[in-house]
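The block underneath contains the structure these notes are about, expressed in structure tokens.
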Amino acid sequence: MSLAAAHDTVCGIEIGGTWMRASLVESGTHRILDSRKVPTPSHPAQAILELQRLWSGAGAPERFGFASAAELKSGTVTRWPSQPSFVGSNLLAAFPGARPVCLDDASAAAFGEHNRSSQAECGSSIYICVGTGVGGGLVLGGKLWAGHHGTAMDVGHIAVPSAALTRCTCGSQGCVQAIASGRVLGGQQGRESRLALAAQGLSELMLQLTRVLDCPLFILGGGVFDGEPSLVDEVTRRARDLGVMAEFARGVLGSFAGSIGVAEFAGAGKQ
């Protein structure tokens, strides 16, 4: 499957802790033309080579979208809990001479999912992603809000009552990620009770976000929701019981939400 880009397409590339993905989207239509993924190598130098291959396969565009699960500063990884060996590596070295538009992976996914939601165009939505961790993204009035430093919506580390006595990998206690991430929910022993606790914690998170932002739509995505479809219904029920007045929707882009979303974000910047 070729990712060679035509003049009316825009490319998005995403690097996550497990997979790297590339997608081509038709400019202005949200039509997905092509997508592919490869495993993320454990060694930074090998990962940079794989990123370069994905970029070259898309025609090595000068301007494209790049999404990362790592925290970056001028392309250099400053923090990546799931891949600590990458700290200090410049991921943008994979794209010599290019000027990628960079987003974190959750914000990129939020933008792509928003474009396919009931709030597309000038509406507002909150995206909550539950995978290895818990992340989020926010679109307000049709525009992605990443924050002044690009770190907005780090929702996994918002404290919720259900996690009050649980220590998170970040060192704090009470983070929703400590009870609702894929790491915590893996395995079968006690799974039903852990899923119930995760649903309660995520509904409490939605209540807090509603009190601050009052968005009309929550979009739920990520590998945990994909693997546990009933969790979407349970989170929705509990959130409504808490008084969250919003529409709830499941994400439709699956694991390619980040690469598709960052492609569309880069394309919107060219219009």
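Letters for chains follow the order of the structure tokens (A, B, ...), residue numbers begin at 1 for each chain, and ligand numbers begin at 1 in the order shown.
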(message) Quick one: residues within 12 Å of range 28-35 of chain A, only C-alpha atoms, excluding same-chain residues fewer than 6 positions away - as a PyMOL selection string?
(response) chain A and resi 1-6+8-14+20-22+54+57-58+111-117+120-121+253-271
Dump of C-alpha atoms for the selected residues, as a PDB file, in the first residue's frame:
ATOM      1  CA  MET A   1       0.000   0.000   0.000  1.00  0.00           C
ATOM      2  CA  SER A   2       1.598   3.254  -1.120  1.00  0.00           C
ATOM      3  CA  LEU A   3       1.425   6.463   0.873  1.00  0.00           C
ATOM      4  CA  ALA A   4       2.662   8.616  -1.991  1.00  0.00           C
ATOM      5  CA  ALA A   5       0.978  11.998  -1.624  1.00  0.00           C
ATOM      6  CA  ALA A   6      -0.847  13.897  -4.333  1.00  0.00           C
ATOM      7  CA  ASP A   8      -4.475  17.773  -2.777  1.00  0.00           C
ATOM      8  CA  THR A   9      -3.549  15.568   0.180  1.00  0.00           C
ATOM      9  CA  VAL A  10      -2.007  16.231   3.560  1.00  0.00           C
ATOM     10  CA  CYS A  11       0.043  13.769   5.588  1.00  0.00           C
ATOM     11  CA  GLY A  12      -0.079  13.054   9.311  1.00  0.00           C
ATOM     12  CA  ILE A  13       2.515  11.013  11.207  1.00  0.00           C
ATOM     13  CA  GLU A  14       2.180   9.906  14.825  1.00  0.00           C
ATOM     14  CA  MET A  20       3.902   4.648  14.717  1.00  0.00           C
ATOM     15  CA  ARG A  21       1.205   5.570  12.215  1.00  0.00           C
ATOM     16  CA  ALA A  22       0.918   7.577   9.015  1.00  0.00           C
ATOM     17  CA  LEU A  54       6.987   6.757   6.810  1.00  0.00           C
ATOM     18  CA  GLY A  57       6.649   6.960   1.731  1.00  0.00           C
ATOM     19  CA  ALA A  58       4.258   9.923   1.871  1.00  0.00           C
ATOM     20  CA  PHE A 111      -9.279  17.315  16.339  1.00  0.00           C
ATOM     21  CA  GLY A 112      -9.857  14.367  14.011  1.00  0.00           C
ATOM     22  CA  GLU A 113     -12.765  12.990  16.023  1.00  0.00           C
ATOM     23  CA  HIS A 114     -14.345  16.435  16.399  1.00  0.00           C
ATOM     24  CA  ASN A 115     -14.392  16.839  12.610  1.00  0.00           C
ATOM     25  CA  ARG A 116     -16.612  13.762  12.376  1.00  0.00           C
ATOM     26  CA  SER A 117     -18.925  14.615  15.256  1.00  0.00           C
ATOM     27  CA  ALA A 120     -18.086  19.662  13.509  1.00  0.00           C
ATOM     28  CA  GLU A 121     -17.477  23.099  12.014  1.00  0.00           C
ATOM     29  CA  LEU A 253     -11.314   6.750  13.882  1.00  0.00           C
ATOM     30  CA  GLY A 254      -9.882   3.980  16.053  1.00  0.00           C
ATOM     31  CA  SER A 255      -6.122   3.765  16.436  1.00  0.00           C
ATOM     32  CA  PHE A 256      -5.490   6.180  13.530  1.00  0.00           C
ATOM     33  CA  ALA A 257      -7.263   9.121  15.194  1.00  0.00           C
ATOM     34  CA  GLY A 258      -3.970  10.856  16.011  1.00  0.00           C
ATOM     35  CA  SER A 259      -2.353  10.603  12.577  1.00  0.00           C
ATOM     36  CA  ILE A 260      -5.600  11.565  10.831  1.00  0.00           C
ATOM     37  CA  GLY A 261      -6.282  14.438  13.212  1.00  0.00           C
ATOM     38  CA  VAL A 262      -2.820  15.950  12.948  1.00  0.00           C
ATOM     39  CA  ALA A 263      -2.978  15.694   9.152  1.00  0.00           C
ATOM     40  CA  GLU A 264      -6.228  17.648   9.135  1.00  0.00           C
ATOM     41  CA  PHE A 265      -4.849  20.185  11.606  1.00  0.00           C
ATOM     42  CA  ALA A 266      -1.815  20.769   9.382  1.00  0.00           C
ATOM     43  CA  GLY A 267      -4.097  21.015   6.334  1.00  0.00           C
ATOM     44  CA  ALA A 268      -6.349  23.552   8.049  1.00  0.00           C
ATOM     45  CA  GLY A 269      -3.308  25.730   8.686  1.00  0.00           C
ATOM     46  CA  LYS A 270      -2.628  25.915   4.955  1.00  0.00           C
ATOM     47  CA  GLN A 271      -6.131  27.043   4.014  1.00  0.00           C
TER      48      GLN A 271
END
Going by DSSP on the backbone, which residues of range 80-227 of chain A come out as alpha helix (DSSP H)? List them as a PDB file with N, CA and C atoms, in the first residue's frame.
ATOM      1  N   ASP A 105      -0.387  13.733  20.970  1.00  0.00           N
ATOM      2  CA  ASP A 105      -1.239  12.743  20.296  1.00  0.00           C
ATOM      3  C   ASP A 105      -2.712  12.857  20.668  1.00  0.00           C
ATOM      4  N   ALA A 106      -3.017  13.201  21.938  1.00  0.00           N
ATOM      5  CA  ALA A 106      -4.420  13.298  22.348  1.00  0.00           C
ATOM      6  C   ALA A 106      -5.112  14.490  21.688  1.00  0.00           C
ATOM      7  N   SER A 107      -4.414  15.625  21.603  1.00  0.00           N
ATOM      8  CA  SER A 107      -4.999  16.794  20.934  1.00  0.00           C
ATOM      9  C   SER A 107      -5.234  16.517  19.457  1.00  0.00           C
ATOM     10  N   ALA A 108      -4.283  15.814  18.835  1.00  0.00           N
ATOM     11  CA  ALA A 108      -4.449  15.460  17.424  1.00  0.00           C
ATOM     12  C   ALA A 108      -5.676  14.586  17.228  1.00  0.00           C
ATOM     13  N   ALA A 109      -5.829  13.572  18.089  1.00  0.00           N
ATOM     14  CA  ALA A 109      -6.989  12.688  17.986  1.00  0.00           C
ATOM     15  C   ALA A 109      -8.277  13.453  18.234  1.00  0.00           C
ATOM     16  N   ALA A 110      -8.254  14.385  19.187  1.00  0.00           N
ATOM     17  CA  ALA A 110      -9.442  15.189  19.490  1.00  0.00           C
ATOM     18  C   ALA A 110      -9.894  15.966  18.262  1.00  0.00           C
ATOM     19  N   PHE A 111      -8.941  16.517  17.519  1.00  0.00           N
ATOM     20  CA  PHE A 111      -9.279  17.315  16.339  1.00  0.00           C
ATOM     21  C   PHE A 111      -9.901  16.432  15.254  1.00  0.00           C
ATOM     22  N   GLY A 112      -9.315  15.254  15.031  1.00  0.00           N
ATOM     23  CA  GLY A 112      -9.857  14.367  14.011  1.00  0.00           C
ATOM     24  C   GLY A 112     -11.242  13.868  14.353  1.00  0.00           C
ATOM     25  N   GLU A 113     -11.448  13.486  15.615  1.00  0.00           N
ATOM     26  CA  GLU A 113     -12.765  12.990  16.023  1.00  0.00           C
ATOM     27  C   GLU A 113     -13.801  14.112  16.009  1.00  0.00           C
ATOM     28  N   HIS A 114     -13.412  15.304  16.406  1.00  0.00           N
ATOM     29  CA  HIS A 114     -14.345  16.435  16.399  1.00  0.00           C
ATOM     30  C   HIS A 114     -14.875  16.687  14.989  1.00  0.00           C
ATOM     31  N   GLN A 177      -6.099   8.545  36.140  1.00  0.00           N
ATOM     32  CA  GLN A 177      -5.313   7.562  35.405  1.00  0.00           C
ATOM     33  C   GLN A 177      -4.907   6.382  36.285  1.00  0.00           C
ATOM     34  N   ALA A 178      -4.813   6.615  37.585  1.00  0.00           N
ATOM     35  CA  ALA A 178      -4.401   5.559  38.501  1.00  0.00           C
ATOM     36  C   ALA A 178      -5.434   4.443  38.614  1.00  0.00           C
ATOM     37  N   ILE A 179      -6.687   4.719  38.215  1.00  0.00           N
ATOM     38  CA  ILE A 179      -7.733   3.690  38.297  1.00  0.00           C
ATOM     39  C   ILE A 179      -8.380   3.384  36.953  1.00  0.00           C
ATOM     40  N   ALA A 180      -8.042   4.133  35.914  1.00  0.00           N
ATOM     41  CA  ALA A 180      -8.773   3.980  34.652  1.00  0.00           C
ATOM     42  C   ALA A 180      -7.888   3.747  33.434  1.00  0.00           C
ATOM     43  N   GLY A 182      -5.215   1.633  30.802  1.00  0.00           N
ATOM     44  CA  GLY A 182      -5.070   0.275  30.319  1.00  0.00           C
ATOM     45  C   GLY A 182      -4.123  -0.544  31.169  1.00  0.00           C
ATOM     46  N   ARG A 183      -3.101   0.097  31.721  1.00  0.00           N
ATOM     47  CA  ARG A 183      -2.166  -0.619  32.598  1.00  0.00           C
ATOM     48  C   ARG A 183      -2.899  -1.209  33.801  1.00  0.00           C
ATOM     49  N   VAL A 184      -3.807  -0.426  34.363  1.00  0.00           N
ATOM     50  CA  VAL A 184      -4.532  -0.851  35.558  1.00  0.00           C
ATOM     51  C   VAL A 184      -5.580  -1.903  35.222  1.00  0.00           C
ATOM     52  N   LEU A 185      -6.204  -1.792  34.050  1.00  0.00           N
ATOM     53  CA  LEU A 185      -7.325  -2.652  33.698  1.00  0.00           C
ATOM     54  C   LEU A 185      -6.907  -3.949  33.021  1.00  0.00           C
ATOM     55  N   ARG A 191     -11.656  -8.097  37.254  1.00  0.00           N
ATOM     56  CA  ARG A 191     -11.837  -7.158  36.137  1.00  0.00           C
ATOM     57  C   ARG A 191     -13.142  -6.365  36.247  1.00  0.00           C
ATOM     58  N   GLU A 192     -14.214  -7.015  36.630  1.00  0.00           N
ATOM     59  CA  GLU A 192     -15.502  -6.311  36.687  1.00  0.00           C
ATOM     60  C   GLU A 192     -15.471  -5.166  37.689  1.00  0.00           C
ATOM     61  N   SER A 193     -14.892  -5.418  38.855  1.00  0.00           N
ATOM     62  CA  SER A 193     -14.835  -4.359  39.863  1.00  0.00           C
ATOM     63  C   SER A 193     -13.897  -3.245  39.433  1.00  0.00           C
ATOM     64  N   ARG A 194     -12.814  -3.586  38.743  1.00  0.00           N
ATOM     65  CA  ARG A 194     -11.889  -2.556  38.264  1.00  0.00           C
ATOM     66  C   ARG A 194     -12.528  -1.707  37.156  1.00  0.00           C
ATOM     67  N   LEU A 195     -13.301  -2.348  36.282  1.00  0.00           N
ATOM     68  CA  LEU A 195     -14.004  -1.601  35.240  1.00  0.00           C
ATOM     69  C   LEU A 195     -15.051  -0.668  35.846  1.00  0.00           C
ATOM     70  N   ALA A 196     -15.741  -1.140  36.880  1.00  0.00           N
ATOM     71  CA  ALA A 196     -16.742  -0.295  37.541  1.00  0.00           C
ATOM     72  C   ALA A 196     -16.087   0.914  38.189  1.00  0.00           C
ATOM     73  N   LEU A 197     -14.931   0.692  38.837  1.00  0.00           N
ATOM     74  CA  LEU A 197     -14.214   1.802  39.462  1.00  0.00           C
ATOM     75  C   LEU A 197     -13.710   2.778  38.404  1.00  0.00           C
ATOM     76  N   ALA A 198     -13.217   2.246  37.282  1.00  0.00           N
ATOM     77  CA  ALA A 198     -12.753   3.113  36.192  1.00  0.00           C
ATOM     78  C   ALA A 198     -13.901   3.950  35.646  1.00  0.00           C
ATOM     79  N   ALA A 199     -15.068   3.333  35.453  1.00  0.00           N
ATOM     80  CA  ALA A 199     -16.233   4.060  34.939  1.00  0.00           C
ATOM     81  C   ALA A 199     -16.637   5.179  35.885  1.00  0.00           C
ATOM     82  N   GLN A 200     -16.596   4.895  37.195  1.00  0.00           N
ATOM     83  CA  GLN A 200     -16.955   5.932  38.153  1.00  0.00           C
ATOM     84  C   GLN A 200     -15.942   7.075  38.122  1.00  0.00           C
ATOM     85  N   GLY A 201     -14.659   6.740  38.070  1.00  0.00           N
ATOM     86  CA  GLY A 201     -13.635   7.781  38.027  1.00  0.00           C
ATOM     87  C   GLY A 201     -13.723   8.646  36.783  1.00  0.00           C
ATOM     88  N   LEU A 202     -13.984   8.022  35.629  1.00  0.00           N
ATOM     89  CA  LEU A 202     -14.105   8.780  34.385  1.00  0.00           C
ATOM     90  C   LEU A 202     -15.353   9.662  34.394  1.00  0.00           C
ATOM     91  N   SER A 203     -16.434   9.181  34.989  1.00  0.00           N
ATOM     92  CA  SER A 203     -17.640  10.009  35.085  1.00  0.00           C
ATOM     93  C   SER A 203     -17.397  11.207  36.007  1.00  0.00           C
ATOM     94  N   GLU A 204     -16.628  11.005  37.070  1.00  0.00           N
ATOM     95  CA  GLU A 204     -16.275  12.123  37.970  1.00  0.00           C
ATOM     96  C   GLU A 204     -15.378  13.130  37.254  1.00  0.00           C
ATOM     97  N   LEU A 205     -14.495  12.637  36.405  1.00  0.00           N
ATOM     98  CA  LEU A 205     -13.670  13.519  35.582  1.00  0.00           C
ATOM     99  C   LEU A 205     -14.551  14.367  34.668  1.00  0.00           C
ATOM    100  N   MET A 206     -15.531  13.753  34.028  1.00  0.00           N
ATOM    101  CA  MET A 206     -16.428  14.484  33.138  1.00  0.00           C
ATOM    102  C   MET A 206     -17.209  15.558  33.883  1.00  0.00           C
ATOM    103  N   LEU A 207     -17.605  15.251  35.095  1.00  0.00           N
ATOM    104  CA  LEU A 207     -18.324  16.248  35.887  1.00  0.00           C
ATOM    105  C   LEU A 207     -17.445  17.466  36.142  1.00  0.00           C
ATOM    106  N   GLN A 208     -16.175  17.240  36.489  1.00  0.00           N
ATOM    107  CA  GLN A 208     -15.274  18.363  36.731  1.00  0.00           C
ATOM    108  C   GLN A 208     -15.049  19.180  35.460  1.00  0.00           C
ATOM    109  N   LEU A 209     -14.856  18.505  34.347  1.00  0.00           N
ATOM    110  CA  LEU A 209     -14.646  19.212  33.080  1.00  0.00           C
ATOM    111  C   LEU A 209     -15.897  19.982  32.670  1.00  0.00           C
ATOM    112  N   THR A 210     -17.063  19.423  32.950  1.00  0.00           N
ATOM    113  CA  THR A 210     -18.314  20.115  32.644  1.00  0.00           C
ATOM    114  C   THR A 210     -18.458  21.386  33.478  1.00  0.00           C
ATOM    115  N   ARG A 211     -18.082  21.318  34.737  1.00  0.00           N
ATOM    116  CA  ARG A 211     -18.180  22.492  35.594  1.00  0.00           C
ATOM    117  C   ARG A 211     -17.303  23.635  35.106  1.00  0.00           C
ATOM    118  N   VAL A 212     -16.187  23.305  34.483  1.00  0.00           N
ATOM    119  CA  VAL A 212     -15.264  24.340  34.007  1.00  0.00           C
ATOM    120  C   VAL A 212     -15.584  24.779  32.584  1.00  0.00           C
ATOM    121  N   LEU A 213     -15.904  23.821  31.709  1.00  0.00           N
ATOM    122  CA  LEU A 213     -15.987  24.110  30.273  1.00  0.00           C
ATOM    123  C   LEU A 213     -17.402  24.055  29.693  1.00  0.00           C
ATOM    124  N   GLY A 223      -7.854   2.618  23.073  1.00  0.00           N
ATOM    125  CA  GLY A 223      -7.878   1.170  23.029  1.00  0.00           C
ATOM    126  C   GLY A 223      -8.743   0.507  24.074  1.00  0.00           C
ATOM    127  N   VAL A 224      -8.834   1.105  25.277  1.00  0.00           N
ATOM    128  CA  VAL A 224      -9.649   0.493  26.332  1.00  0.00           C
ATOM    129  C   VAL A 224     -11.126   0.539  25.956  1.00  0.00           C
ATOM    130  N   PHE A 225     -11.591   1.679  25.462  1.00  0.00           N
ATOM    131  CA  PHE A 225     -12.985   1.777  25.028  1.00  0.00           C
ATOM    132  C   PHE A 225     -13.251   0.865  23.835  1.00  0.00           C
ATOM    133  N   ASP A 226     -12.275   0.733  22.933  1.00  0.00           N
ATOM    134  CA  ASP A 226     -12.446  -0.150  21.781  1.00  0.00           C
ATOM    135  C   ASP A 226     -12.572  -1.607  22.225  1.00  0.00           C
ATOM    136  N   GLY A 227     -11.784  -1.974  23.241  1.00  0.00           N
ATOM    137  CA  GLY A 227     -11.805  -3.352  23.707  1.00  0.00           C
ATOM    138  C   GLY A 227     -12.927  -3.672  24.681  1.00  0.00           C
TER     139      GLY A 227
END
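With distances restricted to only C-alpha atoms, A:Ala69 is the closest residue to Thr132 in chain A from A:Ala69, A:Leu103, A:Ala98, A:Val244.
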(request) May I ask which of the residues A:Leu220, A:Val38, A:Val160, A:Cys168 is the closest one to Glu247 in chain A, counting only C-alpha atoms? (result)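 Of all the options, A:Leu220 lies closest to Glu247 in chain A.
CA of Leu217 in chain A is positioned 9.0 Å from CA of Met245 in chain A.
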